[in-house]
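The next block is coords_6.txt, given as compact mmCIF, C-alpha atoms.
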```txt
# COMPACT_ATOMS: atom_id res chain seq x y z
CA MET A 21 -11.96 9.26 -14.48
CA ASN A 22 -14.51 7.52 -16.70
CA ILE A 23 -14.97 4.64 -14.28
CA PRO A 24 -18.35 2.95 -14.96
CA ARG A 25 -20.98 3.15 -12.24
CA THR A 26 -21.76 -0.19 -10.67
CA SER A 27 -24.11 -1.75 -8.15
CA SER A 28 -21.17 -3.72 -6.77
CA ALA A 29 -18.93 -2.36 -4.03
CA ARG A 30 -16.08 -0.22 -5.35
CA VAL A 31 -12.65 -0.92 -3.86
CA VAL A 32 -10.06 1.76 -4.61
CA ILE A 33 -6.42 0.73 -4.16
CA ILE A 34 -3.72 3.41 -4.07
CA GLY A 35 -0.39 1.92 -5.10
CA GLY A 36 0.71 -0.85 -7.45
CA GLY A 37 3.50 -2.32 -5.35
CA PHE A 38 3.64 -5.76 -3.74
CA ALA A 39 0.72 -5.03 -1.39
CA GLY A 40 -1.59 -3.40 -3.94
CA VAL A 41 -1.05 -6.04 -6.62
CA SER A 42 -1.51 -8.87 -4.10
CA LEU A 43 -4.84 -7.38 -2.99
CA ALA A 44 -6.04 -6.78 -6.56
CA LYS A 45 -5.28 -10.39 -7.47
CA LYS A 46 -7.20 -11.63 -4.43
CA LEU A 47 -10.26 -9.59 -5.43
CA SER A 48 -10.12 -10.71 -9.06
CA LYS A 49 -13.20 -12.45 -10.40
CA GLN A 50 -15.19 -11.40 -7.31
CA ASP A 51 -18.38 -9.35 -7.29
CA VAL A 52 -16.56 -6.07 -6.63
CA GLN A 53 -15.26 -3.26 -8.79
CA VAL A 54 -11.52 -2.73 -8.28
CA VAL A 55 -9.84 0.55 -9.23
CA LEU A 56 -6.06 0.75 -8.85
CA LEU A 57 -4.37 4.16 -8.90
CA ASP A 58 -0.62 4.67 -9.28
CA LYS A 59 1.68 7.42 -10.52
CA ASN A 60 3.53 4.81 -12.62
CA ASN A 61 2.01 2.31 -15.02
CA TYR A 62 4.34 -0.45 -13.87
CA HIS A 63 5.06 -2.59 -10.83
CA THR A 64 8.69 -2.44 -9.61
CA PHE A 65 10.55 -5.38 -8.10
CA GLN A 66 12.42 -3.22 -5.60
CA PRO A 67 14.82 -5.85 -4.18
CA LEU A 68 16.78 -5.73 -7.45
CA LEU A 69 16.97 -1.96 -7.87
CA TYR A 70 20.61 -1.99 -6.82
CA GLN A 71 21.42 -4.16 -9.87
CA VAL A 72 19.93 -1.50 -12.14
CA SER A 73 22.06 1.12 -10.35
CA THR A 74 25.24 -0.89 -10.93
CA GLY A 75 24.60 -1.91 -14.53
CA GLY A 76 23.75 -5.55 -13.86
CA LEU A 77 20.19 -5.31 -15.18
CA GLU A 78 18.17 -3.00 -17.37
CA PRO A 79 15.08 -1.47 -15.71
CA ASP A 80 12.59 -3.36 -17.88
CA SER A 81 13.90 -6.59 -16.34
CA ILE A 82 12.49 -5.70 -12.93
CA ALA A 83 9.39 -3.75 -13.99
CA TYR A 84 6.09 -5.11 -15.29
CA PRO A 85 3.03 -3.27 -16.68
CA ILE A 86 0.23 -3.12 -14.12
CA ARG A 87 -2.40 -3.44 -16.82
CA LYS A 88 -0.76 -6.64 -18.04
CA ILE A 89 -0.67 -8.15 -14.55
CA LEU A 90 -4.42 -7.72 -14.17
CA LYS A 91 -5.57 -7.73 -17.80
CA ASN A 92 -7.83 -10.80 -17.49
CA PHE A 93 -9.65 -9.61 -14.37
CA PRO A 94 -13.26 -8.48 -14.89
CA ASN A 95 -14.37 -5.24 -13.22
CA PHE A 96 -10.76 -4.07 -12.89
CA TYR A 97 -9.70 -0.54 -13.85
CA PHE A 98 -6.32 1.14 -13.72
CA ARG A 99 -5.72 4.89 -13.84
CA LEU A 100 -2.38 6.66 -14.07
CA ALA A 101 -2.80 9.30 -11.40
CA HIS A 102 -1.04 11.28 -8.69
CA VAL A 103 -3.14 11.01 -5.56
CA GLU A 104 -3.26 14.40 -3.86
CA GLY A 105 -5.49 13.63 -0.89
CA ILE A 106 -8.38 11.70 0.62
CA ASP A 107 -11.72 13.24 1.62
CA THR A 108 -12.79 10.86 4.39
CA ALA A 109 -16.06 12.75 5.00
CA LYS A 110 -17.27 12.27 1.42
CA ASN A 111 -15.45 8.98 0.76
CA LYS A 112 -13.55 10.40 -2.18
CA VAL A 113 -10.00 10.12 -3.47
CA ILE A 114 -8.61 13.38 -4.88
CA THR A 115 -6.15 13.06 -7.78
CA HIS A 116 -4.69 15.30 -10.46
CA ILE A 117 -7.10 13.76 -12.99
CA GLY A 118 -10.21 14.15 -10.85
CA LYS A 119 -12.06 12.75 -7.85
CA LEU A 120 -13.31 9.21 -7.36
CA LYS A 121 -15.86 7.96 -4.84
CA PHE A 122 -15.15 4.72 -3.02
CA ASP A 123 -16.94 2.20 -0.82
CA TYR A 124 -13.67 0.77 0.46
CA LEU A 125 -10.27 2.46 0.27
CA VAL A 126 -6.89 0.77 0.62
CA MET A 127 -3.64 2.69 1.02
CA ALA A 128 -0.81 0.60 -0.40
CA THR A 129 1.50 3.52 -1.10
CA GLY A 130 4.65 1.87 0.24
CA SER A 131 7.57 3.83 1.61
CA LYS A 132 10.01 6.53 0.63
CA THR A 133 13.48 7.57 1.72
CA ASN A 134 13.69 9.01 5.21
CA TYR A 135 16.28 11.76 5.59
CA PHE A 136 15.27 12.43 9.21
CA GLY A 137 14.80 16.12 8.51
CA ASN A 138 18.30 16.74 7.11
CA SER A 139 17.61 18.91 4.05
CA GLU A 140 21.28 19.15 2.99
CA ILE A 141 21.64 15.37 2.85
CA GLU A 142 18.36 15.14 0.95
CA ARG A 143 19.59 17.72 -1.56
CA TYR A 144 23.07 16.33 -2.25
CA SER A 145 22.85 12.57 -1.66
CA MET A 146 21.43 9.88 -3.92
CA ALA A 147 18.44 7.70 -3.09
CA MET A 148 17.59 4.32 -4.60
CA LYS A 149 13.89 3.66 -4.03
CA THR A 150 12.57 3.92 -7.60
CA ILE A 151 13.67 2.97 -11.10
CA PRO A 152 14.31 6.64 -12.13
CA GLN A 153 16.47 7.10 -9.01
CA SER A 154 18.41 3.93 -9.82
CA LEU A 155 19.01 5.10 -13.39
CA ASN A 156 20.18 8.46 -12.06
CA LEU A 157 22.65 6.72 -9.76
CA ARG A 158 23.93 4.54 -12.60
CA SER A 159 24.50 7.59 -14.80
CA LEU A 160 26.20 9.50 -11.99
CA ILE A 161 28.60 6.64 -11.22
CA LEU A 162 29.67 6.32 -14.85
CA GLU A 163 29.85 10.08 -15.42
CA ASN A 164 32.07 10.49 -12.37
CA PHE A 165 34.61 8.06 -13.82
CA GLU A 166 34.49 9.87 -17.14
CA GLU A 167 35.10 13.12 -15.29
CA ALA A 168 37.91 11.57 -13.26
CA LEU A 169 39.78 10.95 -16.52
CA LEU A 170 39.74 14.65 -17.31
CA THR A 171 40.92 16.20 -14.06
CA SER A 172 44.53 16.66 -13.05
CA ASP A 173 43.58 17.41 -9.44
CA LEU A 174 44.41 14.23 -7.52
CA ASN A 175 42.04 14.98 -4.62
CA GLU A 176 39.17 15.72 -6.98
CA ARG A 177 39.88 12.55 -8.95
CA ASN A 178 39.81 10.43 -5.81
CA ALA A 179 36.56 12.05 -4.67
CA LEU A 180 34.99 11.23 -8.03
CA MET A 181 36.03 7.58 -7.62
CA ASN A 182 35.02 7.25 -3.98
CA PHE A 183 31.61 5.99 -2.88
CA VAL A 184 29.99 6.38 0.52
CA ILE A 185 26.92 4.29 1.32
CA VAL A 186 25.06 5.31 4.44
CA GLY A 187 23.06 2.48 5.98
CA GLY A 188 24.05 -1.11 6.69
CA GLY A 189 20.75 -2.80 5.88
CA PRO A 190 20.20 -5.16 2.92
CA THR A 191 20.10 -2.28 0.42
CA GLY A 192 23.38 -0.78 1.57
CA VAL A 193 25.15 -4.13 1.90
CA GLU A 194 24.05 -5.38 -1.52
CA LEU A 195 24.97 -2.11 -3.23
CA ALA A 196 28.40 -2.05 -1.56
CA GLY A 197 29.09 -5.62 -2.69
CA ALA A 198 28.05 -4.85 -6.27
CA LEU A 199 30.23 -1.73 -6.43
CA ALA A 200 33.19 -3.68 -5.05
CA GLU A 201 32.85 -6.25 -7.81
CA ILE A 202 32.67 -3.50 -10.43
CA LYS A 203 35.86 -1.99 -9.04
CA LYS A 204 37.62 -5.33 -9.15
CA GLY A 205 36.47 -6.81 -12.43
CA ILE A 206 35.13 -4.10 -14.72
CA LEU A 207 36.70 -0.70 -14.07
CA PRO A 208 40.28 -1.80 -14.92
CA LYS A 209 39.02 -2.97 -18.34
CA ASP A 210 36.83 0.06 -19.05
CA TYR A 211 39.32 2.64 -17.77
CA PRO A 212 42.85 1.30 -18.41
CA ASP A 213 44.23 4.85 -18.35
CA LEU A 214 42.81 5.49 -14.87
CA ASP A 215 44.23 4.07 -11.64
CA THR A 216 40.96 2.58 -10.44
CA ARG A 217 42.76 0.95 -7.51
CA MET A 218 42.42 4.34 -5.83
CA ALA A 219 38.63 4.01 -5.82
CA GLN A 220 37.26 3.48 -2.31
CA ILE A 221 33.93 2.09 -1.18
CA HIS A 222 32.74 2.95 2.32
CA ILE A 223 29.64 1.69 4.09
CA ILE A 224 28.67 3.61 7.23
CA GLN A 225 26.36 2.11 9.85
CA SER A 226 25.18 4.00 12.94
CA ALA A 227 24.61 0.75 14.87
CA ASP A 228 27.23 -1.73 16.05
CA CYS A 229 26.48 -4.32 13.34
CA LEU A 230 25.32 -4.66 9.76
CA LEU A 231 21.96 -6.22 8.80
CA GLN A 232 20.38 -5.47 12.17
CA GLY A 233 17.21 -7.40 11.39
CA MET A 234 19.14 -10.62 10.80
CA SER A 235 21.06 -13.02 13.03
CA ALA A 236 24.42 -12.20 14.58
CA LYS A 237 26.06 -14.83 12.35
CA ALA A 238 24.58 -13.27 9.20
CA SER A 239 25.82 -9.86 10.30
CA GLU A 240 29.33 -11.16 10.98
CA LYS A 241 29.55 -13.02 7.68
CA ALA A 242 28.22 -10.05 5.71
CA GLU A 243 30.91 -7.85 7.21
CA GLU A 244 33.54 -10.48 6.51
CA PHE A 245 32.42 -10.83 2.88
CA LEU A 246 32.47 -7.06 2.36
CA GLU A 247 35.93 -6.65 3.85
CA LYS A 248 37.28 -9.43 1.62
CA LEU A 249 35.90 -7.50 -1.34
CA GLY A 250 37.80 -4.41 -0.17
CA VAL A 251 34.86 -2.45 1.26
CA ASN A 252 35.60 -0.23 4.26
CA VAL A 253 33.02 -0.92 6.95
CA TRP A 254 32.46 1.79 9.56
CA LYS A 255 30.20 0.94 12.50
CA ASN A 256 28.89 3.11 15.33
CA VAL A 257 29.34 6.13 13.08
CA ARG A 258 26.51 8.49 12.20
CA VAL A 259 26.54 10.84 9.20
CA THR A 260 25.54 14.35 10.19
CA HIS A 261 26.14 16.41 7.06
CA TYR A 262 26.96 16.21 3.35
CA ASP A 263 27.49 19.20 1.07
CA GLY A 264 28.00 17.32 -2.19
CA LYS A 265 31.71 16.93 -1.57
CA THR A 266 32.50 16.18 2.10
CA VAL A 267 30.71 13.71 4.35
CA THR A 268 30.79 14.77 7.99
CA THR A 269 30.11 12.37 10.83
CA ASN A 270 29.58 12.53 14.59
CA SER A 271 33.23 11.47 15.01
CA ASP A 272 36.48 12.83 13.63
CA LEU A 273 35.94 10.82 10.43
CA THR A 274 35.25 12.69 7.20
CA PHE A 275 35.02 11.38 3.65
CA GLU A 276 35.62 13.17 0.37
CA THR A 277 33.20 11.86 -2.24
CA ALA A 278 31.10 13.00 -5.17
CA THR A 279 28.68 10.11 -4.64
CA MET A 280 26.93 9.46 -1.35
CA VAL A 281 24.04 6.99 -1.41
CA TRP A 282 21.52 7.38 1.41
CA ALA A 283 20.15 3.97 2.43
CA ALA A 284 19.83 4.75 6.12
CA GLY A 285 16.09 4.67 6.51
CA VAL A 286 12.62 4.71 5.01
CA LYS A 287 9.27 6.07 6.11
CA GLY A 288 5.68 5.48 5.13
CA ALA A 289 4.44 7.33 2.05
CA THR A 290 1.32 8.78 3.66
CA ILE A 291 -1.37 10.80 1.89
CA LYS A 292 -2.97 14.08 2.89
CA GLY A 293 -6.22 13.38 4.68
CA LEU A 294 -4.82 10.33 6.45
CA ASP A 295 -1.74 11.98 7.87
CA ALA A 296 -3.18 13.31 11.11
CA GLU A 297 -0.78 13.11 14.05
CA ALA A 298 -3.05 10.66 15.89
CA LEU A 299 -2.85 8.22 12.96
CA ILE A 300 0.89 8.32 12.32
CA THR A 301 3.80 6.68 14.16
CA PRO A 302 6.37 9.35 15.09
CA HIS A 303 9.58 7.79 13.77
CA SER A 304 8.61 5.61 10.81
CA HIS A 305 5.74 7.88 9.73
CA ARG A 306 3.42 4.93 9.12
CA VAL A 307 -0.36 4.77 9.42
CA LEU A 308 -1.57 2.95 12.52
CA VAL A 309 -3.86 0.00 11.77
CA ASN A 310 -5.53 -2.71 13.82
CA GLU A 311 -5.20 -6.47 13.32
CA PHE A 312 -7.56 -6.26 10.33
CA ASN A 313 -5.50 -3.51 8.65
CA GLN A 314 -8.25 -0.97 9.32
CA VAL A 315 -7.01 2.57 9.83
CA LYS A 316 -7.69 3.84 13.32
CA GLY A 317 -11.19 5.33 13.45
CA PHE A 318 -12.45 3.83 10.16
CA ASN A 319 -14.15 0.56 9.23
CA HIS A 320 -13.90 0.99 5.45
CA ILE A 321 -10.43 2.53 5.06
CA PHE A 322 -7.38 0.28 5.21
CA ALA A 323 -3.60 0.48 4.95
CA ILE A 324 -1.30 -2.41 3.99
CA GLY A 325 2.37 -2.94 3.30
CA ASP A 326 5.15 -0.52 4.21
CA VAL A 327 2.80 2.40 4.88
CA ALA A 328 0.90 0.42 7.55
CA CYS A 329 2.03 -0.02 11.14
CA MET A 330 0.39 -2.96 12.90
CA PRO A 331 1.91 -3.15 16.40
CA SER A 332 1.90 -6.53 18.13
CA ALA A 333 3.69 -8.35 20.93
CA ALA A 334 6.16 -9.83 18.45
CA TYR A 335 6.53 -6.60 16.48
CA PRO A 336 5.89 -3.63 18.80
CA ASN A 337 7.05 -1.17 16.11
CA GLY A 338 5.05 -2.83 13.35
CA LEU A 339 5.99 -5.48 10.82
CA PRO A 340 9.28 -5.12 8.88
CA MET A 341 9.00 -2.96 5.78
CA MET A 342 9.67 -5.77 3.31
CA ALA A 343 7.90 -7.54 0.46
CA GLN A 344 6.58 -10.56 2.36
CA PRO A 345 4.47 -8.68 4.95
CA ALA A 346 3.03 -6.57 2.10
CA ILE A 347 2.13 -9.59 -0.03
CA GLN A 348 0.57 -11.43 2.89
CA GLN A 349 -1.41 -8.41 4.09
CA GLY A 350 -2.73 -7.83 0.59
CA GLY A 351 -3.98 -11.39 0.32
CA GLN A 352 -5.58 -11.39 3.77
CA LEU A 353 -7.25 -8.03 3.27
CA GLY A 354 -8.86 -9.30 0.07
CA VAL A 355 -10.53 -12.03 2.13
CA ASN A 356 -11.61 -9.56 4.81
CA ILE A 357 -13.12 -7.04 2.40
CA LEU A 358 -15.31 -9.79 0.95
CA ARG A 359 -16.28 -10.85 4.47
CA LEU A 360 -17.08 -7.23 5.34
CA ILE A 361 -19.36 -6.94 2.30
CA ARG A 362 -21.16 -10.12 3.42
CA ASN A 363 -21.41 -8.84 7.02
CA GLU A 364 -19.24 -11.69 8.26
CA PRO A 365 -16.68 -11.37 11.09
CA LEU A 366 -13.18 -10.38 9.98
CA LYS A 367 -10.13 -12.60 10.41
CA PRO A 368 -7.10 -11.02 12.12
CA PHE A 369 -3.88 -10.90 10.16
CA GLU A 370 -1.09 -13.24 11.24
CA TYR A 371 2.33 -12.72 9.72
CA LYS A 372 4.18 -15.85 8.62
CA ASP A 373 7.88 -15.05 8.72
CA LYS A 374 9.49 -16.72 5.70
CA GLY A 375 12.97 -15.43 6.43
CA VAL A 376 15.35 -12.67 5.42
CA MET A 377 18.27 -12.75 3.01
CA ALA A 378 20.90 -10.53 1.43
CA THR A 379 23.58 -11.05 -1.20
CA ILE A 380 27.06 -9.59 -0.97
CA GLY A 381 28.29 -10.23 -4.47
CA ARG A 382 29.39 -13.27 -6.42
CA ASN A 383 28.95 -16.56 -4.50
CA LYS A 384 28.30 -14.66 -1.28
CA ALA A 385 24.98 -14.31 0.52
CA VAL A 386 23.42 -14.72 3.95
CA VAL A 387 20.05 -16.36 4.55
CA ASP A 388 18.05 -16.49 7.78
CA LEU A 389 15.09 -18.85 7.64
CA LYS A 390 12.87 -19.74 10.56
CA ARG A 391 14.70 -22.99 11.28
CA PHE A 392 17.90 -22.70 9.27
CA LYS A 393 20.59 -20.09 8.89
CA PHE A 394 23.35 -20.41 6.34
CA GLN A 395 25.87 -18.30 4.46
CA GLY A 396 28.11 -18.53 1.41
CA VAL A 397 27.62 -20.18 -1.97
CA PHE A 398 24.49 -22.22 -1.14
CA ALA A 399 22.87 -19.12 0.37
CA TRP A 400 23.68 -17.27 -2.84
CA TYR A 401 21.86 -19.89 -4.93
CA VAL A 402 18.87 -19.75 -2.58
CA TRP A 403 18.83 -15.95 -2.85
CA MET A 404 18.82 -16.16 -6.67
CA PHE A 405 16.05 -18.77 -6.78
CA VAL A 406 13.78 -16.81 -4.43
CA HIS A 407 14.21 -13.55 -6.32
CA LEU A 408 13.59 -15.22 -9.68
CA PHE A 409 10.47 -16.91 -8.29
CA PHE A 410 8.92 -13.66 -7.07
CA LEU A 411 9.62 -11.68 -10.24
CA ILE A 412 6.43 -11.06 -12.19
CA GLY A 413 6.32 -12.38 -15.74
CA PHE A 414 8.05 -15.27 -17.50
CA ARG A 415 10.03 -12.92 -19.74
CA ASN A 416 11.42 -11.00 -16.77
CA ARG A 417 12.48 -14.22 -15.07
CA MET A 418 14.25 -15.45 -18.21
CA VAL A 419 15.94 -12.11 -18.92
CA VAL A 420 17.21 -11.78 -15.35
CA PHE A 421 18.37 -15.41 -15.29
CA VAL A 422 20.25 -15.08 -18.60
CA ASN A 423 21.83 -11.81 -17.41
CA TRP A 424 22.96 -13.41 -14.18
CA VAL A 425 24.46 -16.41 -15.98
CA TYR A 426 26.22 -14.15 -18.46
CA ASN A 427 27.54 -11.88 -15.72
CA TYR A 428 28.73 -14.88 -13.74
CA VAL A 429 30.55 -16.53 -16.66
CA ARG A 430 32.01 -13.36 -18.18
CA PHE A 431 32.37 -11.39 -14.93
CA ASP A 432 30.76 -8.48 -16.75
CA ARG A 433 27.82 -6.07 -16.51
CA GLU A 434 26.53 -5.12 -19.93
CA ALA A 435 24.18 -2.29 -18.90
CA ARG A 436 26.93 0.27 -18.29
CA LEU A 437 25.06 2.88 -20.30
CA ILE A 438 24.56 6.59 -19.69
CA ILE A 439 21.12 6.71 -21.29
CA ARG A 440 20.23 10.05 -19.77
CA PRO A 441 22.99 12.20 -18.25
CA PHE A 442 22.49 13.19 -14.64
CA LYS A 443 24.25 15.76 -12.51
CA LYS A 444 23.74 16.00 -8.78
CA SER A 445 23.98 19.38 -7.05
CA ARG A 446 27.34 20.08 -5.46
CA ILE A 447 28.67 22.85 -3.30
CA GLN A 448 30.27 25.56 -5.37
CA LYS A 449 34.00 26.12 -4.96
CA PRO A 450 35.00 29.55 -3.65
```

What is this file in structure tokens?
Amino acid sequence: MNIPRTSSARVVIIGGGFAGVSLAKKLSKQDVQVVLLDKNNYHTFQPLLYQVSTGGLEPDSIAYPIRKILKNFPNFYFRLAHVEGIDTAKNKVITHIGKLKFDYLVMATGSKTNYFGNSEIERYSMAMKTIPQSLNLRSLILENFEEALLTSDLNERNALMNFVIVGGGPTGVELAGALAEIKKGILPKDYPDLDTRMAQIHIIQSADCLLQGMSAKASEKAEEFLEKLGVNVWKNVRVTHYDGKTVTTNSDLTFETATMVWAAGVKGATIKGLDAEALITPHSHRVLVNEFNQVKGFNHIFAIGDVACMPSAAYPNGLPMMAQPAIQQGGQLGVNILRLIRNEPLKPFEYKDKGVMATIGRNKAVVDLKRFKFQGVFAWYVWMFVHLFFLIGFRNRMVVFVNWVYNYVRFDREARLIIRPFKKSRIQKP
């Protein structure tokens, strides 16, 4: 990989998400060599992926070059690489561009969509965990409306205009709200020769409430906001099958749709070599770590962020798979690695819950802070401020802010572009 040899300790970080970048920043200007590996050369602000999918933002507004984030840090190296495995016996990372020896290894690989073993749903549904996936979804949505104009089959036309979102967490709720606003304010203008009133948006939740990780009031208001926008909310319903055309559930409900978005679960993105059954939680597929983020059985190998499961009395199933735990773990681990090098005792990680929030369209959001819980317009402004604050780069903040102001004033979404056509597999008609 052409990484210079050094007498300093080498810390290899796998993943340039919130956790990996937070750790790299903490180790900047310290007497360590930091090597960050990622399959992409950019950091993605995942909370706004749904806005890329619905044409509210272009992808470069929520992505930032990793090299630029850490360009002024001495002893920092980035390599564009697919990590294929970890050799724990020889302390080496195995990638498609070669092997790299490490003194300390940190898995910050994040999470990926969890289909719970359903291969048909994985094949035919759409995910929204990465920028390419979001662009695919955007193209598919727009292409389906173009196709709806051409068909004379009423059932096929309705299926092309119907959307089913599986999962009532923040991702599903925010996407449903954005699609509802597109249906109301944009589709009638773009497709005057198409009866877009027939378009239906369904959100399916297997539990008895939306936004399970939030307060009961937030859940109730989110459902109320969605229903006012015309979204059909189905609770206590579990999707069992999707063939590219028909969504089947565990009840007598079925849905005809050409677009099903799977937002029903995520799992840790583990790596071969650290995926032994004894190290992995059974349901969330996350790597078990102790209070110092050390992987079970290792003193020099760590996991942070979504891929790490740190059980505690407050969080028996591990911390929530969100940005804040990842950022905080990255910062704390940076301190502990330096203490480990100096043979000093490590400090246990303590999560500081800064709250949870979700937006459900224009002037509608729910916010749960530690001491305060509020909904509506003020919550919407708080949501916008927080997301702008955590975006990386002044340009990105300005571009997103200007886009939001423009969209709010004009009730428009400029990025309705089919840059690269996308076709999802569908069941063939007999």

Of A:Glu240, A:Glu311, A:Glu176, A:Asp326, the one sitting nearest Thr277 (chain A) when using all atoms listed in the file is A:Glu176

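Among the candidates A:Val257, A:Ala147, A:Leu57, A:Leu299, the residue lying nearest to Thr129 (chain A) is A:Leu57 (atoms considered: all atoms listed in the file).
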
Just the number, please: distance in Å from CA of Lys112 (chain A) to CA of Lys316 (chain A), one decimal.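 Spanning CA of Lys112 (chain A) to CA of Lys316 (chain A) is a straight-line distance of 17.8 Å.
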
Pick from A:Met218, A:Ile291, A:Met181, A:Ala198: nearest to Asn383 (chain A), with all atoms listed in the file counted? A:Ala198

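Closest approach to Thr133 (chain A) among A:Leu120, A:Ala109, A:Ala101, A:Val286: A:Val286, based on all atoms listed in the file.
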
Using only C-alpha atoms, which protein or nucleic acid residues come within 10 Å of Val420 (chain A)? Drop anything in the same chain fewer than 6 positions from it, and give the result as a ChimeraX atom specification. /A:68,76-78,80-82,404,407-408,411,426

Compare A:Gly189, A:Pro85, A:Gly37, A:Gly381 by their minimum atom-to-atom distance to Phe245 (chain A), counting only C-alpha atoms, and give me the closest one.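 Residue with the minimum atom-to-atom distance to Phe245 (chain A): A:Gly381.
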